[in-house]
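Have a look at the structure below before the remarks.
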Amino acid sequence: MSVEQQRREILDAVLLHVAFEGWTQKAVHAGLADLGLPLAAADLAFPDGLGEIVGFWSADLDQQMAEQLADMELAAMPIGERVATAVRIRLELCGRHREAVRRAMAFLALPPNVALGLRLSYATINAIWYAAGDTSTDLSFYSKRASLAAVYAATVLFWLDDESDDCADTWSFLDRRLGNVIDLIKARRRASEALRSMLNPFGALRSLKL
């Protein structure tokens, strides 16, 4: 068994206990006991401890999301629908472990783990925008990610307590919040284009047929 396979096996076993024990050594020890592995196995697979296990889980979910999106015809969708689809897939991937997500948010909110939480959040948001086809390199690169991060966090919190069929209320909430963000992005782009035209009026004149 490769190191990657063992990491995944340990993660899957630990996830079964996180809902009850949180992201704690107790959950890790219980998962290892289920697998019949010694405690040292976790130290070998995840030398940086609990934070590395949480990070591995988040990165794995991001990768699964990207793989699913790669098989879809996203180019035919409006940008807002692409982003909404990505967010929905990301949440559905951890649907069986909703309580583990809640516990992960609490774990990452602890002072020693805040930096890790920010890195993982950025990685997820960046993966969503990348999958949606965003190629911006200007200031909008950062504003798009900051705006989506706020929507994503709010959607996760809503989703954690959503008891509607197939989380229908969550997807409606996401569409409303995301619609506001997309409208804002479009408004900023129009304002930026108008400003460029004002600063360079001769550029606009070149397109006129005289």
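Identifiers in the structure tokens: chain A, B, ... in order shown; residue index from 1 per chain; ligand index from 1 in order shown.
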Quick one: residues within 12 Å of Arg176 of chain A, only C-alpha atoms counted, chain neighbours fewer than 5 positions away excluded, as a list in words? Gly80, Glu81, Ala84, Val151, Ala154, Thr155, Asp169, Thr170, Trp171, Val181, Ile182 and Asp183 of chain A
Set the distance at 12 Å and use only C-alpha atoms: which residues neighbour Ser172 of chain A once local chain neighbours fewer than 6 positions away are removed? I'd like the list as a PyMOL selection string. chain A and resi 84+88+155+158-159+162+164+166+178-179
Please identify every residue of segment 19-48 of chain A that has at least one atom no farther than 10 Å from an atom of segment 103-125 of chain A, counting only C-alpha atoms, and for each give the shortest atom pair and the distance in Å to one decimal, arranged by chain then increasing number, as CSV.
residue,atom,partner,partner_atom,distance
A:Ala19,CA,A:Arg103,CA,7.1
A:Phe20,CA,A:Arg103,CA,9.3
A:Glu21,CA,A:Arg103,CA,8.9
A:Gly22,CA,A:Arg103,CA,5.5
A:Trp23,CA,A:Arg103,CA,6.6
A:Thr24,CA,A:Phe107,CA,9.0
Any chance you could export the current selection's C-alpha atoms as a compact mmCIF listing (two decimals), in the first residue's frame?
# COMPACT_ATOMS: atom_id res chain seq x y z
CA ALA A 19 -18.92 13.52 14.24
CA PHE A 20 -18.83 12.33 17.85
CA GLU A 21 -15.29 13.16 18.98
CA GLY A 22 -14.47 16.18 16.83
CA TRP A 23 -11.10 16.58 15.14
CA THR A 24 -9.22 15.18 18.12
Would you return as a ChimeraX atom specification the members of segment 11-138 of chain A that DSSP assigns to helix (DSSP H, G or I) on this structure's backbone? /A:11-21,25-35,40-45,50-70,74-76,79-93,95-108,111-131
With distances taken over only C-alpha atoms, which of A:Leu157, A:Asp60, A:Asp48, A:Arg8 is nearest to Glu99 of chain A?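 Comparing A:Leu157, A:Asp60, A:Asp48, A:Arg8 against Glu99 of chain A, the winner is A:Leu157.
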Residue nearest Leu16 of chain A among A:Ala59, A:Ala33, A:Leu44, A:Ile89 (counting only C-alpha atoms):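 For Leu16 of chain A, the nearest of the candidates is A:Ala33.
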Atom CA of Ala13 of chain A and atom CA of Arg90 of chain A are how many Å apart?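 Between these atoms lies a distance of 20.6 Å.
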With distances taken over only C-alpha atoms, which of A:Ala86, A:Ala41, A:Leu35, A:Ala168 is nearest to Leu148 of chain A?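 Closest candidate: A:Ala86.
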